[in-house]
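J.: Next comes the structure file work_5.cif, holding mmCIF, C-alpha atoms.
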```cif
data_structure
loop_
_atom_site.label_atom_id
_atom_site.label_comp_id
_atom_site.auth_asym_id
_atom_site.auth_seq_id
_atom_site.Cartn_x
_atom_site.Cartn_y
_atom_site.Cartn_z
CA MET K 1 2.88 -35.28 23.78
CA SER K 2 3.12 -33.97 20.21
CA GLU K 3 2.53 -30.26 19.62
CA GLY K 4 -1.13 -29.49 19.18
CA ALA K 5 -2.27 -32.93 20.23
CA ASP K 6 -4.22 -31.43 23.13
CA GLY K 7 -5.71 -28.66 21.02
CA LEU K 8 -3.41 -25.95 22.38
CA GLY K 9 -1.59 -25.68 19.08
CA ASP K 10 -4.83 -24.91 17.25
CA VAL K 11 -5.79 -22.34 19.87
CA LYS K 12 -2.40 -20.63 19.52
CA ASP K 13 -2.70 -20.55 15.74
CA THR K 14 -6.19 -19.07 15.98
CA GLU K 15 -5.07 -16.38 18.42
CA GLU K 16 -2.12 -15.50 16.19
CA ALA K 17 -4.41 -15.24 13.15
CA ASP K 18 -6.82 -13.03 15.08
CA ARG K 19 -3.99 -10.66 16.04
CA HIS K 20 -3.26 -10.09 12.36
CA SER K 21 -6.81 -9.99 11.03
CA GLY K 22 -8.24 -7.19 13.15
CA ALA K 23 -10.40 -9.64 15.10
CA ALA K 24 -8.38 -9.08 18.26
CA GLY K 25 -6.15 -6.46 19.77
CA PRO K 26 -6.31 -3.24 21.78
CA PRO K 27 -9.31 -0.95 21.22
CA ALA K 28 -7.21 1.55 19.23
CA PHE K 29 -6.11 -1.15 16.77
CA ARG K 30 -9.63 -2.56 16.39
CA ALA K 31 -11.01 0.94 15.79
CA ALA K 32 -8.41 1.61 13.09
CA VAL K 33 -9.16 -1.70 11.38
CA ASP K 34 -12.92 -1.03 11.52
CA ALA K 35 -12.29 2.35 9.85
CA LEU K 36 -10.32 0.66 7.07
CA ARG K 37 -13.12 -1.83 6.48
CA ALA K 38 -15.79 0.88 6.37
CA CYS K 39 -13.91 3.27 4.06
CA ARG K 40 -15.67 4.04 0.75
CA LEU K 41 -13.32 4.35 -2.21
CA ARG K 42 -13.50 5.29 -5.88
CA PRO K 43 -14.91 2.40 -7.94
CA GLN K 44 -11.80 1.94 -10.10
CA VAL K 45 -9.84 0.78 -7.02
CA GLU K 46 -10.72 -2.74 -5.90
CA VAL K 47 -9.59 -3.44 -2.33
CA GLU K 48 -9.76 -6.62 -0.28
CA PRO K 49 -8.11 -8.01 2.88
CA THR K 50 -5.02 -10.19 2.55
CA PRO K 51 -2.96 -12.12 5.11
CA ALA K 52 -0.82 -9.73 7.14
CA PRO K 53 2.84 -10.24 8.01
CA GLN K 54 3.21 -11.71 11.48
CA ARG K 55 6.67 -10.55 12.59
CA LEU K 56 6.72 -6.83 11.92
CA ALA K 57 4.57 -5.85 14.91
CA PRO K 58 2.39 -7.43 17.60
CA TYR K 59 -0.71 -6.52 15.59
CA ALA K 60 -1.10 -6.08 11.84
CA TYR K 61 -3.82 -5.82 9.23
CA ALA K 62 -3.24 -5.86 5.47
CA LEU K 63 -5.11 -4.90 2.32
CA GLU K 64 -4.31 -5.43 -1.33
CA ALA K 65 -5.69 -3.35 -4.16
CA VAL K 66 -5.88 -3.22 -7.95
CA VAL K 67 -6.61 -0.16 -10.09
CA VAL K 68 -8.91 -1.23 -12.92
CA ASP K 69 -9.91 0.49 -16.14
CA GLY K 70 -12.18 -1.72 -18.22
CA ASP K 71 -10.39 -5.05 -18.56
CA GLN K 72 -6.96 -3.61 -17.77
CA GLU K 73 -5.13 -3.57 -14.44
CA LEU K 74 -3.26 -0.28 -14.31
CA ALA K 75 -1.56 -0.63 -10.93
CA ASP K 76 -1.58 -2.82 -7.87
CA GLY K 77 -0.35 -2.61 -4.32
CA ARG K 78 -0.47 -3.66 -0.71
CA LEU K 79 -1.04 -1.59 2.43
CA VAL K 80 -0.22 -2.92 5.91
CA LEU K 81 -1.30 -1.30 9.16
CA LEU K 82 1.07 -2.15 12.02
CA HIS K 83 0.43 -1.54 15.71
CA ASP K 84 2.69 -1.90 18.73
CA PRO K 85 0.93 -0.67 21.91
CA ALA K 86 4.32 -0.20 23.59
CA GLY K 87 5.45 2.16 20.86
CA HIS K 88 8.43 1.88 18.55
CA ASP K 89 11.49 4.12 18.62
CA ALA K 90 11.91 4.14 14.84
CA TRP K 91 8.22 4.87 14.26
CA ARG K 92 7.92 7.54 16.98
CA GLY K 93 4.41 6.28 17.54
CA THR K 94 2.37 3.14 18.06
CA PHE K 95 1.10 2.78 14.49
CA ARG K 96 2.93 2.44 11.19
CA LEU K 97 1.71 2.14 7.60
CA VAL K 98 3.78 0.15 5.12
CA THR K 99 3.07 0.02 1.40
CA LEU K 100 4.14 -1.46 -1.90
CA VAL K 101 2.78 0.08 -5.13
CA ARG K 102 3.58 -1.12 -8.66
CA ALA K 103 2.62 -0.09 -12.18
CA GLU K 104 3.84 -0.64 -15.73
CA LEU K 105 5.20 2.36 -17.63
CA GLU K 106 5.86 3.25 -21.21
CA PRO K 107 9.64 2.84 -21.83
CA GLU K 108 10.18 6.50 -22.69
CA MET K 109 8.45 7.54 -19.47
CA ALA K 110 10.60 5.18 -17.42
CA ALA K 111 13.71 6.84 -18.90
CA ASP K 112 12.86 10.19 -17.31
CA PRO K 113 15.69 10.90 -14.83
CA LEU K 114 13.30 12.76 -12.50
CA LEU K 115 10.83 9.88 -12.28
CA PRO K 116 11.91 8.63 -8.81
CA GLU K 117 11.58 12.10 -7.26
CA VAL K 118 8.21 12.62 -8.94
CA CYS K 119 6.91 9.25 -7.72
CA TRP K 120 7.92 10.04 -4.15
CA SER K 121 6.11 13.37 -4.44
CA TRP K 122 2.94 11.47 -5.37
CA LEU K 123 3.02 9.72 -1.99
CA THR K 124 3.66 12.81 0.11
CA GLY K 125 1.33 14.87 -2.06
CA ALA K 126 -1.51 12.38 -1.62
CA LEU K 127 -1.19 12.62 2.16
CA GLN K 128 -0.89 16.41 2.16
CA ALA K 129 -3.82 16.84 -0.21
CA ARG K 130 -6.10 15.32 2.44
CA GLY K 131 -4.51 17.32 5.26
CA LEU K 132 -3.13 14.26 7.01
CA GLY K 133 -0.47 14.49 9.68
CA TYR K 134 2.33 11.96 9.46
CA GLY K 135 5.95 11.51 10.45
CA GLU K 136 9.12 9.53 9.84
CA PRO K 137 8.47 8.82 6.13
CA SER K 138 10.95 6.52 4.42
CA GLY K 139 11.07 4.40 1.31
CA THR K 140 12.48 3.62 -2.10
CA VAL K 141 11.40 4.15 -5.69
CA THR K 142 12.66 1.51 -8.12
CA ARG K 143 12.29 1.33 -11.86
CA ALA K 144 13.09 -1.79 -13.82
CA GLY K 145 13.11 -2.66 -17.50
CA SER K 146 12.68 -6.01 -19.24
CA HIS K 147 13.85 -6.82 -22.76
CA TYR K 148 12.89 -10.09 -24.40
CA PHE K 149 15.02 -12.30 -26.65
CA GLY K 150 14.91 -15.62 -28.47
CA GLY K 151 11.53 -17.25 -28.26
CA LEU K 152 10.18 -14.19 -26.43
CA ALA K 153 11.56 -11.65 -28.90
CA ASP K 154 8.08 -10.76 -30.18
CA ARG K 155 7.15 -9.27 -26.81
CA PRO K 156 7.57 -5.51 -26.47
CA SER K 157 9.99 -4.16 -23.89
CA ALA K 158 8.38 -3.52 -20.52
CA SER K 159 9.19 -1.05 -17.74
CA GLN K 160 7.83 -1.00 -14.21
CA ILE K 161 7.87 1.45 -11.35
CA GLU K 162 7.76 0.24 -7.76
CA ILE K 163 7.26 2.36 -4.65
CA ARG K 164 8.03 0.89 -1.24
CA ALA K 165 7.35 3.24 1.64
CA SER K 166 6.31 3.55 5.25
CA TRP K 167 5.18 6.39 7.48
CA THR K 168 3.76 7.00 10.94
CA PRO K 169 0.16 8.31 10.95
CA ARG K 170 -0.54 10.93 13.58
CA GLU K 171 -2.80 9.59 16.31
CA GLY K 172 -6.04 11.31 17.31
CA LEU K 173 -8.52 10.78 20.12
CA GLY K 174 -7.94 7.55 22.00
CA GLY K 175 -4.64 7.07 20.23
CA VAL K 176 -6.42 6.13 16.99
CA PRO K 177 -5.10 7.45 13.64
CA ASP K 178 -7.46 8.46 10.86
CA ALA K 179 -6.94 5.13 9.12
CA ALA K 180 -9.75 5.63 6.60
CA ALA K 181 -8.26 8.90 5.35
CA HIS K 182 -4.82 7.32 5.04
CA LEU K 183 -6.35 4.47 3.04
CA ALA K 184 -8.11 6.97 0.78
CA SER K 185 -4.82 8.82 0.26
CA TRP K 186 -3.08 5.56 -0.55
CA CYS K 187 -5.77 4.79 -3.12
CA ASP K 188 -5.22 8.28 -4.57
CA LEU K 189 -1.56 7.33 -4.96
CA LEU K 190 -2.48 4.03 -6.63
CA ALA K 191 -4.82 5.77 -9.05
CA GLN K 192 -2.21 8.40 -9.87
CA VAL K 193 0.49 5.81 -10.50
CA GLY K 194 -2.03 3.98 -12.69
CA GLY K 195 -2.62 7.12 -14.75
CA LEU K 196 -6.21 7.85 -13.70
CA PRO K 197 -7.32 11.47 -13.35
CA PRO K 198 -7.92 12.78 -9.81
CA ALA K 199 -11.28 11.92 -8.28
CA GLY K 200 -11.62 15.48 -7.02
CA PRO K 201 -9.66 18.69 -6.49
CA GLY K 202 -6.04 17.75 -5.96
CA ASP K 203 -2.67 19.24 -5.20
CA ALA K 204 -1.55 21.28 -8.20
CA SER K 205 2.10 20.66 -7.26
CA VAL K 206 1.78 16.94 -7.91
CA VAL K 207 2.56 15.76 -11.44
CA THR K 208 0.10 13.30 -12.95
CA LEU K 209 1.12 10.50 -15.29
CA PRO K 210 -0.76 10.29 -18.60
CA GLN K 211 -2.97 7.27 -19.23
CA ARG K 212 -1.05 4.15 -20.18
CA ARG K 213 -1.52 0.47 -20.70
CA GLY K 214 -1.92 -1.73 -17.64
CA PRO K 215 0.45 -4.49 -16.61
CA GLN K 216 -1.99 -7.23 -17.52
CA SER K 217 -5.47 -7.99 -18.72
CA ARG K 218 -8.07 -9.28 -16.32
#
```
Written as structure tokens, that's how I'd like the structure from this file.
T.:
Amino acid sequence: MSEGADGLGDVKDTEEADRHSGAAGPPAFRAAVDALRACRLRPQVEVEPTPAPQRLAPYAYALEAVVVDGDQELADGRLVLLHDPAGHDAWRGTFRLVTLVRAELEPEMAADPLLPEVCWSWLTGALQARGLGYGEPSGTVTRAGSHYFGGLADRPSASQIEIRASWTPREGLGGVPDAAAHLASWCDLLAQVGGLPPAGPGDASVVTLPQRRGPQSR
């Protein structure tokens, strides 16, 4: 009998999709996903669900976001909530948040030798500014430059910053982390990388980028 001919293949696919869409899973995972869906964010950050990776953890839920100013996209990113009810030695917990954040920079700004350290401080500062407990942070900050030649020589040089990071949110009652607050902090990071001013009182130790052009028009 071919795979799926009796309908079992479709059922398996549906169950797998549910495990990574927040539609199924342990109560702690469903509660965290519900908090993400209910979180209210600043209007310049547009967030929507996106397919989650299926091999990083038994349960996962993903969001993608764009920071918008008029018709310009200033930054974009992806946030993935992972959950392993059995726990994970490297995480030191049952939940993990994984993110990718990108933005275009002015070339002279990208040349700043302290830029990677400053960008990492934006992530930790965004979490600390909201009083969030977290552990085992890790990640990379990458800057890249593009120069155009030949038929593309009329394009200006472009520089981009990329932050890849993960951290373990501290769990509260019922083993559920404050997922909404972590999402709000992540959006604070996106907005800061995009050059927007803080939405409210922030951490004075965190350096803010000046306003700059976005990576593309909408």
J.: Please evaluate the PyMOL selection byres ((chain K and resi 41) around 10) against the structure above and give the resulting residues as an MDAnalysis selection string.
T.: chainID K and resid 38:40 42:47 180 183:185 187:188 199
J.: What lies within 10 Å of Ser138 of chain K using only C-alpha atoms, ignoring chain neighbours under 3 positions off, as a list of chain:residue names?
T.: K:Val98, K:Trp120, K:Gly135, K:Arg164, K:Ala165, K:Ser166, K:Trp167, K:Thr168
J.: For this structure, which residues satisfy the selection - the PyMOL selection byres ((chain K and resi 78) around 9) - when it is evaluated on the file as given? I want them as a PyMOL selection string.
T.: chain K and resi 50+62-65+76-77+79-80+98-101
J.: With C-alpha atoms kept, could you save the residues just selected as a PDB file, in the frame of the given file?
T.:
```pdb
ATOM      1  CA  THR K  50      -5.020 -10.190   2.550  1.00  0.00           C
ATOM      2  CA  ALA K  62      -3.240  -5.860   5.470  1.00  0.00           C
ATOM      3  CA  LEU K  63      -5.110  -4.900   2.320  1.00  0.00           C
ATOM      4  CA  GLU K  64      -4.310  -5.430  -1.330  1.00  0.00           C
ATOM      5  CA  ALA K  65      -5.690  -3.350  -4.160  1.00  0.00           C
ATOM      6  CA  ASP K  76      -1.580  -2.820  -7.870  1.00  0.00           C
ATOM      7  CA  GLY K  77      -0.350  -2.610  -4.320  1.00  0.00           C
ATOM      8  CA  LEU K  79      -1.040  -1.590   2.430  1.00  0.00           C
ATOM      9  CA  VAL K  80      -0.220  -2.920   5.910  1.00  0.00           C
ATOM     10  CA  VAL K  98       3.780   0.150   5.120  1.00  0.00           C
ATOM     11  CA  THR K  99       3.070   0.020   1.400  1.00  0.00           C
ATOM     12  CA  LEU K 100       4.140  -1.460  -1.900  1.00  0.00           C
ATOM     13  CA  VAL K 101       2.780   0.080  -5.130  1.00  0.00           C
TER      14      VAL K 101
END
```
J.: I want to know what sits within 12 Å of Pro27 of chain K, based on only C-alpha atoms, with residues of the same chain fewer than 6 positions away left out; could you give that as a list of chain:residue names?
T.: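 The contact residues come out as K:Val33, K:Asp34, K:Tyr59, K:His83, K:Pro85, K:Leu173, K:Gly174, K:Gly175, K:Val176.
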J.: List every protein, DNA or RNA residue with an atom no more than 8 Å from (15.5, -0.8, -16.6) in the file's coordinates, counting all atoms listed in the file, and format the result as an MDAnalysis selection string.
T.: chainID K and resid 110 143:146 159
J.: Which residue gives the smallest distance to Leu56 of chain K among K:Ala75, K:Val118, K:Leu82, K:Leu36, with all atoms listed in the file counted?
T.: K:Leu82
J.: Which residues come within 9 Å of Cys119 of chain K, counting all atoms listed in the file, excluding same-chain residues fewer than 4 positions away, as a PyMOL selection string?
T.: chain K and resi 114-115+123+141+161+163+193+207
J.: I'd like to know which of K:Thr124, K:Ala103, K:Ala31, K:Ala129 is closest to Gln72 of chain K, using only C-alpha atoms.
T.: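 With only C-alpha atoms as the atom set, the closest residue is K:Ala103.
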J.: Could you check how far atom CA of Ala28 of chain K sits from atom CA of Ala126 of chain K, in Å to one decimal?
T.: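 Computing the Euclidean distance for atom CA of Ala28 of chain K and atom CA of Ala126 of chain K yields 24.2 Å.
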J.: Considering only C-alpha atoms, state which residue in the set K:Arg102, K:Pro26, K:Leu189, K:Trp91 is at the smallest distance from Ser121 of chain K.
T.: K:Leu189
J.: If I take atom CA of Gly194 of chain K and atom CA of Arg170 of chain K, how far is one from the other in Å, to one decimal?
T.: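 If I compute the distance from atom CA of Gly194 of chain K to atom CA of Arg170 of chain K, I get 27.2 Å.
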J.: Can you work out which one of K:Asp69, K:Leu132, K:Thr140, K:Asp89 has the shortest atom-to-atom distance to Pro197 of chain K, counting only C-alpha atoms?
T.: K:Asp69
